[in-house]
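Chemist: For reference, this is my_file_11.cif, and it has mmCIF, C-alpha atoms.
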data_input
#
loop_
_atom_site.label_atom_id
_atom_site.label_comp_id
_atom_site.auth_asym_id
_atom_site.auth_seq_id
_atom_site.Cartn_x
_atom_site.Cartn_y
_atom_site.Cartn_z
CA MET N 1 83.23 77.01 122.09
CA THR N 2 84.01 73.40 121.20
CA VAL N 3 81.01 71.51 119.83
CA THR N 4 80.35 68.06 121.31
CA LEU N 5 78.09 65.18 120.32
CA ASP N 6 75.58 65.82 123.08
CA GLN N 7 74.88 69.44 122.18
CA PRO N 8 71.58 70.32 120.45
CA LEU N 9 71.52 71.84 116.97
CA SER N 10 69.11 74.61 115.95
CA LEU N 11 67.99 74.61 112.32
CA PRO N 12 67.09 77.65 110.20
CA CYS N 13 63.38 76.73 110.32
CA GLY N 14 63.39 76.94 114.11
CA ALA N 15 63.40 73.20 114.91
CA THR N 16 66.05 71.77 117.24
CA LEU N 17 67.80 68.39 117.08
CA LYS N 18 68.61 67.06 120.55
CA ASN N 19 72.18 65.97 119.72
CA ARG N 20 74.69 65.83 116.86
CA LEU N 21 74.20 62.17 115.87
CA GLY N 22 72.09 61.36 112.81
CA LYS N 23 71.06 58.04 111.31
CA SER N 24 71.60 58.34 107.59
CA ALA N 25 69.11 56.73 105.22
CA MET N 26 69.40 53.06 104.29
CA SER N 27 66.84 51.43 102.04
CA GLU N 28 65.10 49.03 104.43
CA THR N 29 62.98 47.22 101.76
CA LEU N 30 60.52 46.44 104.57
CA GLY N 31 57.34 47.52 102.80
CA THR N 32 54.90 45.08 101.20
CA PRO N 33 55.29 43.83 97.61
CA GLY N 34 52.54 46.35 96.89
CA ASN N 35 54.72 49.14 98.35
CA ARG N 36 52.72 49.73 101.52
CA VAL N 37 53.89 50.49 105.06
CA THR N 38 54.32 47.53 107.45
CA PRO N 39 54.57 47.18 111.28
CA ARG N 40 58.19 46.09 110.80
CA LEU N 41 59.14 49.68 110.00
CA VAL N 42 57.44 50.81 113.20
CA ARG N 43 59.45 48.30 115.27
CA LEU N 44 62.76 49.16 113.56
CA TYR N 45 62.47 52.91 114.09
CA ARG N 46 61.28 52.55 117.67
CA GLU N 47 64.46 50.60 118.36
CA TRP N 48 66.61 53.34 116.82
CA ALA N 49 64.73 56.13 118.63
CA ARG N 50 65.31 54.40 121.94
CA GLY N 51 68.99 54.05 121.01
CA GLY N 52 69.67 57.75 121.58
CA THR N 53 70.22 59.09 118.04
CA GLY N 54 69.03 62.68 117.62
CA LEU N 55 67.88 62.41 113.98
CA LEU N 56 66.54 59.40 112.09
CA VAL N 57 66.26 59.66 108.31
CA THR N 58 64.17 56.91 106.71
CA GLY N 59 65.23 54.90 103.70
CA ASN N 60 63.88 55.54 100.22
CA VAL N 61 60.18 56.42 100.14
CA MET N 62 59.20 56.70 96.50
CA VAL N 63 56.92 59.44 95.20
CA ASP N 64 55.57 57.44 92.21
CA ARG N 65 54.45 53.80 92.27
CA ARG N 66 55.47 53.51 88.60
CA ALA N 67 59.11 54.12 89.55
CA ILE N 68 60.53 51.77 92.20
CA GLY N 69 64.19 51.61 93.22
CA GLU N 70 64.28 48.40 95.27
CA PRO N 71 61.87 45.56 96.10
CA CYS N 72 59.31 46.55 98.73
CA ASN N 73 60.06 50.26 98.78
CA VAL N 74 57.27 52.23 100.44
CA VAL N 75 55.43 54.55 98.04
CA LEU N 76 53.67 57.63 99.42
CA GLU N 77 51.12 59.07 97.00
CA ASN N 78 47.99 59.23 99.17
CA ASN N 79 46.57 58.49 102.62
CA ARG N 80 45.89 54.78 102.10
CA ASP N 81 48.38 53.85 104.87
CA LYS N 82 47.78 56.84 107.15
CA ARG N 83 47.28 54.79 110.33
CA LEU N 84 50.55 52.87 109.88
CA LEU N 85 52.36 56.02 108.76
CA GLU N 86 51.25 57.68 111.99
CA ARG N 87 52.51 54.72 114.03
CA TRP N 88 55.83 54.79 112.15
CA ALA N 89 56.25 58.51 112.83
CA LEU N 90 55.21 58.15 116.48
CA ALA N 91 57.75 55.37 117.04
CA GLY N 92 60.49 57.50 115.50
CA ARG N 93 59.61 60.46 117.72
CA GLU N 94 60.16 58.58 120.98
CA GLN N 95 62.51 60.33 123.40
CA LYS N 96 62.16 63.62 121.48
CA THR N 97 63.92 62.17 118.44
CA HIS N 98 63.40 63.72 115.01
CA ILE N 99 62.29 61.38 112.22
CA TRP N 100 62.55 62.70 108.67
CA MET N 101 61.18 60.89 105.63
CA GLN N 102 63.56 60.59 102.70
CA LEU N 103 61.71 61.17 99.40
CA ASN N 104 63.05 59.77 96.16
CA HIS N 105 62.51 58.95 92.51
CA PRO N 106 64.95 56.45 90.96
CA GLY N 107 64.97 57.82 87.42
CA LYS N 108 66.95 55.37 85.28
CA GLN N 109 68.01 53.42 88.40
CA ALA N 110 64.69 51.56 88.21
CA PRO N 111 65.36 47.79 87.89
CA LYS N 112 63.72 45.92 85.03
CA ALA N 113 62.39 43.31 87.44
CA LEU N 114 60.34 45.93 89.27
CA ASN N 115 59.36 48.47 86.60
CA ARG N 116 57.77 48.41 83.16
CA GLY N 117 60.04 51.21 81.99
CA ALA N 118 62.29 53.99 83.21
CA VAL N 119 62.48 57.74 82.75
CA ALA N 120 65.41 60.13 83.14
CA PRO N 121 66.45 63.63 82.11
CA SER N 122 67.83 62.13 78.88
CA ALA N 123 67.81 58.72 77.20
CA VAL N 124 71.31 57.89 78.47
CA PRO N 125 71.97 54.28 79.58
CA PHE N 126 74.44 53.10 82.21
CA SER N 127 78.00 53.32 80.96
CA ASP N 128 78.77 49.91 82.47
CA PRO N 129 77.09 47.23 80.28
CA LYS N 130 77.25 44.67 83.12
CA LEU N 131 75.17 46.96 85.30
CA GLY N 132 73.03 48.26 82.47
CA ARG N 133 71.55 44.86 81.64
CA PHE N 134 69.53 44.99 84.86
CA PHE N 135 67.90 48.32 83.95
CA HIS N 136 65.70 49.66 81.15
CA LEU N 137 67.08 52.12 78.62
CA PRO N 138 65.47 55.26 80.03
CA ARG N 139 63.11 57.51 78.11
CA ALA N 140 63.68 61.28 78.32
CA LEU N 141 61.07 63.04 80.45
CA THR N 142 58.75 65.58 78.88
CA GLN N 143 58.37 68.95 80.59
CA ALA N 144 54.84 67.99 81.63
CA GLU N 145 56.20 64.84 83.27
CA ILE N 146 58.89 66.85 85.05
CA ALA N 147 56.22 69.15 86.44
CA ASP N 148 54.24 66.12 87.64
CA ILE N 149 57.25 64.65 89.48
CA VAL N 150 57.96 68.01 91.12
CA ARG N 151 54.33 68.09 92.27
CA ARG N 152 54.64 64.54 93.62
CA PHE N 153 57.59 65.49 95.83
CA GLY N 154 55.52 68.29 97.33
CA GLU N 155 52.48 66.06 97.83
CA SER N 156 54.49 63.30 99.49
CA ALA N 157 56.15 65.82 101.82
CA ALA N 158 52.76 67.16 102.90
CA LEU N 159 51.48 63.64 103.56
CA ALA N 160 54.57 62.87 105.64
CA ARG N 161 54.10 66.03 107.71
CA ASP N 162 50.42 65.28 108.27
CA ALA N 163 51.29 61.76 109.47
CA GLY N 164 53.63 63.12 112.14
CA PHE N 165 57.07 62.96 110.56
CA THR N 166 59.10 65.91 111.80
CA GLY N 167 60.90 66.66 108.51
CA VAL N 168 61.69 65.40 105.01
CA GLN N 169 64.85 64.82 103.04
CA ILE N 170 65.21 65.04 99.25
CA HIS N 171 67.43 62.24 97.95
CA GLY N 172 69.70 64.20 95.61
CA ALA N 173 72.65 61.79 95.64
CA HIS N 174 73.85 58.35 94.51
CA GLY N 175 72.66 58.58 90.91
CA TYR N 176 68.90 58.77 91.50
CA LEU N 177 66.71 61.18 89.51
CA VAL N 178 67.63 64.46 91.24
CA SER N 179 71.28 63.49 90.94
CA GLN N 180 70.76 62.58 87.28
CA PHE N 181 69.44 66.06 86.53
CA LEU N 182 72.53 67.59 88.14
CA SER N 183 74.99 65.42 86.19
CA PRO N 184 76.14 66.55 82.72
CA LEU N 185 76.78 62.87 81.99
CA SER N 186 73.12 61.92 82.53
CA ASN N 187 71.48 65.23 81.66
CA GLN N 188 72.00 66.09 77.99
CA ARG N 189 68.82 68.12 77.58
CA GLU N 190 68.78 71.27 75.49
CA ASP N 191 65.82 72.98 77.18
CA GLU N 192 65.70 74.96 80.44
CA TYR N 193 66.50 71.82 82.46
CA GLY N 194 69.87 71.19 80.80
CA GLY N 195 72.72 72.60 78.77
CA ASN N 196 74.54 74.43 81.58
CA ALA N 197 75.02 74.19 85.33
CA GLU N 198 72.30 76.70 86.15
CA ASN N 199 69.71 74.82 84.11
CA ARG N 200 70.79 71.42 85.47
CA ARG N 201 70.03 72.53 89.03
CA ARG N 202 66.61 73.93 88.08
CA PHE N 203 64.90 70.59 88.84
CA VAL N 204 66.22 70.26 92.40
CA LEU N 205 65.33 73.88 93.16
CA GLU N 206 61.81 73.34 91.86
CA VAL N 207 61.49 70.21 94.00
CA TYR N 208 62.60 72.17 97.06
CA ASP N 209 60.19 75.03 96.27
CA ALA N 210 57.28 72.59 95.80
CA ILE N 211 57.99 70.94 99.15
CA ARG N 212 58.43 74.23 101.01
CA ALA N 213 55.16 75.54 99.56
CA ARG N 214 53.31 72.50 100.96
CA VAL N 215 54.95 72.14 104.39
CA GLY N 216 55.57 75.76 105.41
CA ASP N 217 58.60 77.63 106.68
CA ASP N 218 58.78 76.00 110.13
CA PHE N 219 59.12 72.39 108.93
CA PRO N 220 62.65 70.94 108.36
CA VAL N 221 63.54 70.30 104.72
CA SER N 222 66.87 68.61 104.02
CA ILE N 223 68.76 67.18 101.07
CA LYS N 224 71.27 64.40 100.60
CA LEU N 225 73.70 65.72 97.99
CA ASN N 226 76.71 64.27 96.22
CA SER N 227 80.02 66.05 96.63
CA ALA N 228 80.74 64.44 93.25
CA ASP N 229 79.67 61.42 91.20
CA PHE N 230 83.28 60.24 90.76
CA GLN N 231 82.57 59.49 87.10
CA LYS N 232 84.41 61.03 84.17
CA GLY N 233 82.23 63.79 82.73
CA GLY N 234 79.81 63.63 85.67
CA PHE N 235 78.82 65.93 88.53
CA GLU N 236 81.96 67.43 90.10
CA GLU N 237 82.82 69.33 93.28
CA GLY N 238 82.87 72.78 91.70
CA GLU N 239 79.31 72.44 90.44
CA SER N 240 78.22 70.77 93.66
CA LEU N 241 79.38 73.81 95.61
CA GLN N 242 77.24 76.02 93.36
CA VAL N 243 74.21 73.82 94.09
CA VAL N 244 74.89 74.10 97.83
CA GLU N 245 75.00 77.89 97.60
CA ALA N 246 71.73 77.98 95.66
CA LEU N 247 70.00 75.68 98.17
CA ALA N 248 71.33 77.66 101.13
CA GLN N 249 69.94 80.88 99.64
CA ARG N 250 66.57 79.14 99.20
CA GLY N 251 66.42 78.25 102.92
CA MET N 252 67.49 74.58 103.10
CA ASP N 253 67.64 73.45 106.74
CA LEU N 254 70.30 70.72 106.53
CA ILE N 255 72.56 69.41 103.78
CA GLU N 256 73.83 65.85 104.13
CA ILE N 257 77.00 65.30 102.13
CA SER N 258 77.69 62.01 100.38
CA GLY N 259 79.06 60.93 97.01
CA GLY N 260 79.09 58.29 94.31
CA THR N 261 76.58 56.32 92.24
CA TYR N 262 75.74 52.68 91.48
CA GLU N 263 78.62 52.76 88.98
CA SER N 264 81.10 54.41 91.36
CA PRO N 265 79.95 53.57 94.91
CA ARG N 266 82.12 55.89 97.01
CA MET N 267 79.32 56.09 99.60
CA ALA N 268 80.10 52.43 100.38
CA GLY N 269 83.82 53.12 100.72
CA GLN N 270 84.79 51.76 97.30
CA GLY N 271 87.87 53.51 95.87
CA VAL N 272 88.44 55.66 98.96
CA LYS N 273 92.09 56.59 99.62
CA GLU N 274 93.76 55.16 102.73
CA SER N 275 94.57 58.68 103.97
CA THR N 276 90.85 59.50 103.81
CA ARG N 277 89.96 56.31 105.70
CA ARG N 278 92.35 57.25 108.48
CA ARG N 279 90.56 60.58 108.82
CA GLU N 280 87.36 58.49 108.91
CA ALA N 281 84.80 60.72 107.16
CA TYR N 282 84.99 60.08 103.39
CA PHE N 283 83.68 63.53 102.42
CA LEU N 284 85.11 65.77 105.14
CA ASP N 285 87.51 67.63 102.83
CA TYR N 286 84.57 68.66 100.66
CA ALA N 287 82.56 69.67 103.74
CA GLU N 288 85.35 72.05 104.73
CA GLN N 289 85.00 73.77 101.34
CA VAL N 290 81.24 74.03 101.84
CA ARG N 291 81.69 75.57 105.26
CA GLN N 292 83.79 78.38 103.76
CA ARG N 293 80.87 79.35 101.52
CA VAL N 294 77.65 78.84 103.51
CA THR N 295 76.40 78.62 107.08
CA VAL N 296 73.64 76.08 106.45
CA PRO N 297 73.92 73.11 108.88
CA LEU N 298 75.83 70.15 107.45
CA MET N 299 75.79 66.42 108.12
CA VAL N 300 78.69 64.33 106.83
CA THR N 301 78.01 60.61 106.41
CA GLY N 302 80.35 57.79 105.49
CA GLY N 303 83.38 56.39 107.28
CA PHE N 304 82.98 57.51 110.90
CA ARG N 305 84.15 54.66 113.12
CA THR N 306 85.51 56.14 116.39
CA LEU N 307 84.37 58.62 119.02
CA GLU N 308 87.67 60.46 118.55
CA GLY N 309 87.02 60.88 114.81
CA MET N 310 83.49 62.14 115.40
CA ASN N 311 84.55 64.65 118.04
CA SER N 312 87.42 65.84 115.86
CA ALA N 313 85.13 66.50 112.88
CA LEU N 314 82.75 68.53 115.07
CA ALA N 315 85.57 70.44 116.77
CA ASP N 316 87.10 71.38 113.41
CA GLY N 317 83.78 72.93 112.38
CA ALA N 318 83.63 71.03 109.10
CA THR N 319 80.32 69.40 110.03
CA ASP N 320 77.46 70.08 112.44
CA MET N 321 76.12 66.51 112.50
CA VAL N 322 77.82 63.12 112.42
CA GLY N 323 75.97 60.80 110.05
CA LEU N 324 76.00 57.08 110.87
CA ALA N 325 74.43 54.25 108.90
CA ARG N 326 76.04 50.79 109.13
CA PRO N 327 77.23 51.24 112.74
CA LEU N 328 73.60 51.72 113.83
CA VAL N 329 72.58 48.48 112.15
CA VAL N 330 75.17 46.44 114.02
CA GLU N 331 74.52 48.36 117.26
CA PRO N 332 71.12 50.13 117.31
CA ASP N 333 71.92 51.67 120.73
CA LEU N 334 75.39 52.89 119.73
CA SER N 335 74.44 56.57 119.95
CA ARG N 336 73.40 56.32 123.58
CA ARG N 337 76.62 54.53 124.48
CA LEU N 338 78.74 57.07 122.59
CA LEU N 339 77.01 59.90 124.41
CA ASP N 340 77.45 58.42 127.88
CA GLY N 341 81.04 57.33 127.28
CA ARG N 342 80.49 53.55 127.23
CA ALA N 343 81.54 53.22 123.57
CA ARG N 344 84.69 54.51 121.89
CA ASP N 345 84.35 52.91 118.47
CA CYS N 346 82.01 50.99 116.15
CA ARG N 347 81.84 47.25 115.51
CA VAL N 348 81.68 47.63 111.73
CA LYS N 349 84.02 45.39 109.75
CA PRO N 350 84.38 44.44 106.06
CA ILE N 351 81.98 41.70 104.94
CA ARG N 352 83.58 39.03 102.77
CA THR N 353 82.26 35.99 100.91
CA GLY N 354 85.58 34.68 99.65
CA VAL N 355 84.44 35.26 96.05
CA ARG N 356 86.53 38.14 94.71
CA MET N 357 84.04 39.39 92.11
CA VAL N 358 81.27 39.46 94.71
CA ASP N 359 83.42 41.07 97.40
CA GLU N 360 84.42 43.91 95.07
CA ALA N 361 80.78 44.79 94.45
CA ALA N 362 79.26 47.34 96.82
CA MET N 363 75.93 45.51 96.75
CA MET N 364 77.47 42.62 98.70
CA GLU N 365 77.64 44.62 101.90
CA VAL N 366 74.25 46.17 101.20
CA SER N 367 72.81 42.63 101.20
CA TRP N 368 74.44 41.80 104.54
CA TYR N 369 73.09 44.92 106.22
CA THR N 370 69.65 44.41 104.68
CA LEU N 371 69.49 41.06 106.44
CA GLN N 372 70.38 42.66 109.78
CA LEU N 373 67.72 45.37 109.33
CA GLY N 374 65.17 42.63 108.82
CA ARG N 375 66.21 40.96 112.06
CA ILE N 376 65.83 44.15 114.09
CA ALA N 377 62.44 44.78 112.45
CA ARG N 378 61.29 41.32 113.61
CA GLY N 379 62.36 42.05 117.19
CA LYS N 380 65.60 40.06 116.99
CA ALA N 381 69.14 41.17 117.73
CA PRO N 382 71.51 41.80 114.81
CA LEU N 383 74.20 39.19 114.12
CA PRO N 384 77.47 41.12 113.70
CA ASP N 385 79.41 37.90 113.06
CA ALA N 386 77.08 36.50 110.39
CA GLY N 387 78.96 35.13 107.38
CA GLY N 388 79.04 37.09 104.15
CA LEU N 389 78.29 34.25 101.73
CA SER N 390 75.43 32.77 103.77
CA SER N 391 73.90 36.23 104.22
CA LEU N 392 74.16 36.98 100.51
CA LEU N 393 72.40 33.70 99.62
CA LYS N 394 69.60 34.40 102.12
CA VAL N 395 69.08 37.94 100.84
CA ALA N 396 69.17 36.78 97.22
CA GLY N 397 66.37 34.33 97.98
CA VAL N 398 64.26 36.93 99.79
CA VAL N 399 64.80 39.58 97.11
CA GLY N 400 64.06 37.11 94.32
CA TRP N 401 60.76 36.17 95.94
CA ARG N 402 59.83 39.82 96.53
CA ARG N 403 60.62 40.71 92.91
CA LEU N 404 58.50 37.81 91.70
CA ARG N 405 55.56 38.95 93.84
CA MET N 406 55.96 42.57 92.79
CA GLY N 407 56.18 41.52 89.15
CA ARG N 408 52.93 39.60 89.45
CA LEU N 409 51.23 42.54 91.10
CA ARG N 410 52.37 44.92 88.38
CA ALA N 411 51.31 42.51 85.65
#
Show me, as structure tokens, the structure contained in the file I just sent.
Modeler:
Amino acid sequence: MTVTLDQPLSLPCGATLKNRLGKSAMSETLGTPGNRVTPRLVRLYREWARGGTGLLVTGNVMVDRRAIGEPCNVVLENNRDKRLLERWALAGREQKTHIWMQLNHPGKQAPKALNRGAVAPSAVPFSDPKLGRFFHLPRALTQAEIADIVRRFGESAALARDAGFTGVQIHGAHGYLVSQFLSPLSNQREDEYGGNAENRRRFVLEVYDAIRARVGDDFPVSIKLNSADFQKGGFEEGESLQVVEALAQRGMDLIEISGGTYESPRMAGQGVKESTRRREAYFLDYAEQVRQRVTVPLMVTGGFRTLEGMNSALADGATDMVGLARPLVVEPDLSRRLLDGRARDCRVKPIRTGVRMVDEAAMMEVSWYTLQLGRIARGKAPLPDAGGLSSLLKVAGVVGWRRLRMGRLRA
């Protein structure tokens, strides 16, 4: 039977997603400078829930206030924001939508402006000096510290469940801490957390086990995982497939496939072959390999732009869910219009400033979409035709002010 976008998807834990469209995580940076939940997140996710998407995955929620990835990330360590967390979850559950909280630790991708230091599997800096100057040289984690971070993932997952979120997602991609443990380039440890592929995946398996122990067997647990880092000597497809098999055996409910890091941002479309763009999904070839090995539900994110491309990916059986991110910023109700036949494609287009060095950086487009997220969160419509340079300057001003306020708070 041919799978279509409007069909529900049953997960191993017993939960059911109402359709095959998922909003992939984007870091909203809509918390307070003190990393607390705000009503803007409630408004943003209510808008997406009403837009018809079956699954909403939040942006980075950090498990440790000492390790922040972006200005105004939400941190979930305790119940201090329980009332707003409950409102956030309730808004995301409108129209029987699932809302899953993405849990993360940045590891060495912790900006100097926001953090007093950084930790990682090993004391390995960024290979790109231009990028590395914005980040601390990381300190290698002790085993006691590793155990504490594992515990934190479990604690944050339990808090999310208690607040009404219907699932959680481990951020295991894009060069953050879980991804760093998996990469032989970042993980040069010689203890049981490094040295070979089996040891390098020990951390992510322990994180999964800690979460499952706190939330139970009937609560969705997902992971966002790199197909590869696309860095010489880094995490590659062969090892990624082994991680997928190990997670599937553990009982993972959904694996979202992505790829790349800050240094090689394939998730933003940088360096993607034209033949891959024409097929739309950047990581569909890898997903087909995964499907030959495991039956765990898959979500492929990155590159989908037309209804035809989405339906083709589902019909081929390479993915069970179509992951959308930027299209749902430009058009928050896109899912509903795709499902009822009023939309055939997405209004996403390249964002340009006219400055070559800026346009080649993946963070340029991130800035543009961050501005649009802020508009939706304030009850305004997105501006799909907003200029790249003006948007970048606005975001730079906002981010600079937030970093200054966060720096003062941490001082």
Chemist: Restricting the calculation to only C-alpha atoms: of N:Ala89, N:Leu44, N:Val75, N:Val322, which residue gets closest to Gly379 of chain N?
Modeler: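 Once distances to Gly379 of chain N are computed over only C-alpha atoms, the minimum belongs to N:Leu44.
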Chemist: Just give me the gap between atom CA of Met252 of chain N and atom CA of Asp209 of chain N in Å, one decimal is fine.
Modeler: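 Interatomic distance here is 10.0 Å.
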Chemist: Choose the residue, out of N:Ala325, N:Ala248, N:Leu254, N:Ala197, that has the smallest atom-to-atom separation from Gly14 of chain N; count only C-alpha atoms.
Modeler: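 Checking each candidate against Gly14 of chain N, we get N:Leu254 as the closest.
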Chemist: Go through N:Gln242, N:Ser227, N:Asn104, N:Asn187 one by one, measure the shortest atom-to-atom distance of each to Val207 of chain N using all atoms listed in the file, and give the residue with the smallest value.
Modeler: N:Asn104
Chemist: Taking the file as shown, find all residues satisfying the PyMOL selection byres ((chain N and resi 63) around 7) and write them as a PyMOL selection string.
Modeler: chain N and resi 61-62+64-65+75-77+103-105+152-153+156
Chemist: At a cut-off of 10 Å around the point (64.5, 47.8, 97.6) (file coordinates), what residues fall inside when counting only C-alpha atoms? I'd like the answer as a PyMOL selection string.
Modeler: chain N and resi 26-31+35+59-61+68-74+111+114+370+399+402-403
Chemist: Enter the distance from atom CA of Thr4 of chain N to atom CA of Gly309 of chain N, in Å, rounded to one decimal.
Modeler: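 Computing the Euclidean distance for atom CA of Thr4 of chain N and atom CA of Gly309 of chain N yields 11.8 Å.
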Chemist: Between N:Ser127, N:Thr16, N:Gln143, N:Asn226, single out the one closest to Gly302 of chain N, counting all atoms listed in the file.
Modeler: N:Asn226
Chemist: Between N:Leu177, N:Ile257, N:Leu383, N:Val215, which is the closest to Gln289 of chain N once you count all atoms listed in the file?
Modeler: N:Ile257
Chemist: Check the smallest atom-to-atom distance from each of N:Ile351, N:Pro106, N:Pro220, N:Cys346 to Asp333 of chain N using all atoms listed in the file, then report the winner.
Modeler: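 Of the candidates, the smallest distance to Asp333 of chain N is held by N:Cys346.
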Chemist: Name the residues that the PyMOL selection byres ((chain N and resi 288) around 12) picks from the file above, as a ChimeraX atom specification, using the file's chain letters and numbers.
Modeler: /N:227,241,257,281,283-287,289-295,298-300,313-314,316-320
Chemist: What gap, in Å, lies between atom CA of Pro129 of chain N and atom CA of Gly34 of chain N?
Modeler: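 Spanning atom CA of Pro129 of chain N to atom CA of Gly34 of chain N is a straight-line distance of 29.7 Å.
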Chemist: Show me, as JSON, the centre and edge lengths in Å to one decimal of the axis-aligned box that covers every listed atom of segment 151-162 of chain N with 6 Å on each side.
Modeler:
{"center_x": 54.0, "center_y": 65.6, "center_z": 100.3, "size_x": 19.2, "size_y": 17.4, "size_z": 28.0}
Chemist: Considering only C-alpha atoms, return as a ChimeraX atom specification whatever protein or nucleic-acid residues lie within 8 Å of Val150 of chain N, sequence-local ones (same chain, fewer than 6 positions apart) excluded.
Modeler: /N:203,206-207,210
Chemist: Excluding same-chain residues fewer than 6 positions from segment 130-135 of chain N, what lies within 10 Å of it counting all atoms listed in the file, as a PyMOL selection string?
Modeler: chain N and resi 108-115+117-118+262-263
Chemist: For this file, the PyMOL selection byres ((chain N and resi 168-174) around 8) selects which residues, as a count of residues only?
Modeler: 34
Chemist: Got a sec: who's within 10 Å of Pro121 of chain N, counting all atoms listed in the file, leaving out chain neighbours fewer than 3 positions off, as a PyMOL selection string?
Modeler: chain N and resi 107-108+124+138-143+146+177-178+180-183+186-189+193-194+200+203
Chemist: Export segment 241-246 of chain N from the structure block above, keeping all heavy atoms, as a short mmCIF file (atom, residue, chain, number, x, y, z; two decimals), in the first residue's frame.
Modeler:
data_model
loop_
_atom_site.label_atom_id
_atom_site.label_comp_id
_atom_site.auth_asym_id
_atom_site.auth_seq_id
_atom_site.Cartn_x
_atom_site.Cartn_y
_atom_site.Cartn_z
N LEU N 241 25.63 3.86 10.54
CA LEU N 241 24.71 2.73 10.39
C LEU N 241 24.80 1.78 11.59
O LEU N 241 23.79 1.23 12.03
CB LEU N 241 25.01 1.98 9.09
CG LEU N 241 24.63 2.70 7.80
CD1 LEU N 241 25.26 2.00 6.59
CD2 LEU N 241 23.12 2.78 7.65
N GLN N 242 26.00 1.62 12.14
CA GLN N 242 26.16 0.77 13.33
C GLN N 242 25.44 1.40 14.53
O GLN N 242 24.83 0.68 15.34
CB GLN N 242 27.65 0.60 13.63
CG GLN N 242 28.41 -0.20 12.58
CD GLN N 242 29.90 -0.24 12.87
OE1 GLN N 242 30.38 0.27 13.89
NE2 GLN N 242 30.66 -0.85 11.98
N VAL N 243 25.52 2.73 14.64
CA VAL N 243 24.83 3.42 15.74
C VAL N 243 23.32 3.24 15.60
O VAL N 243 22.61 2.99 16.57
CB VAL N 243 25.20 4.92 15.76
CG1 VAL N 243 24.38 5.66 16.82
CG2 VAL N 243 26.69 5.09 16.02
N VAL N 244 22.82 3.37 14.36
CA VAL N 244 21.39 3.19 14.11
C VAL N 244 20.94 1.80 14.55
O VAL N 244 19.90 1.64 15.21
CB VAL N 244 21.08 3.41 12.62
CG1 VAL N 244 19.70 2.89 12.27
CG2 VAL N 244 21.19 4.89 12.26
N GLU N 245 21.71 0.79 14.19
CA GLU N 245 21.35 -0.59 14.56
C GLU N 245 21.32 -0.75 16.08
O GLU N 245 20.41 -1.39 16.63
CB GLU N 245 22.33 -1.57 13.93
CG GLU N 245 22.17 -1.69 12.42
CD GLU N 245 23.18 -2.64 11.81
OE1 GLU N 245 24.36 -2.63 12.23
OE2 GLU N 245 22.80 -3.39 10.89
N ALA N 246 22.31 -0.16 16.77
CA ALA N 246 22.36 -0.27 18.23
C ALA N 246 21.17 0.44 18.88
O ALA N 246 20.57 -0.07 19.83
CB ALA N 246 23.67 0.31 18.75
#
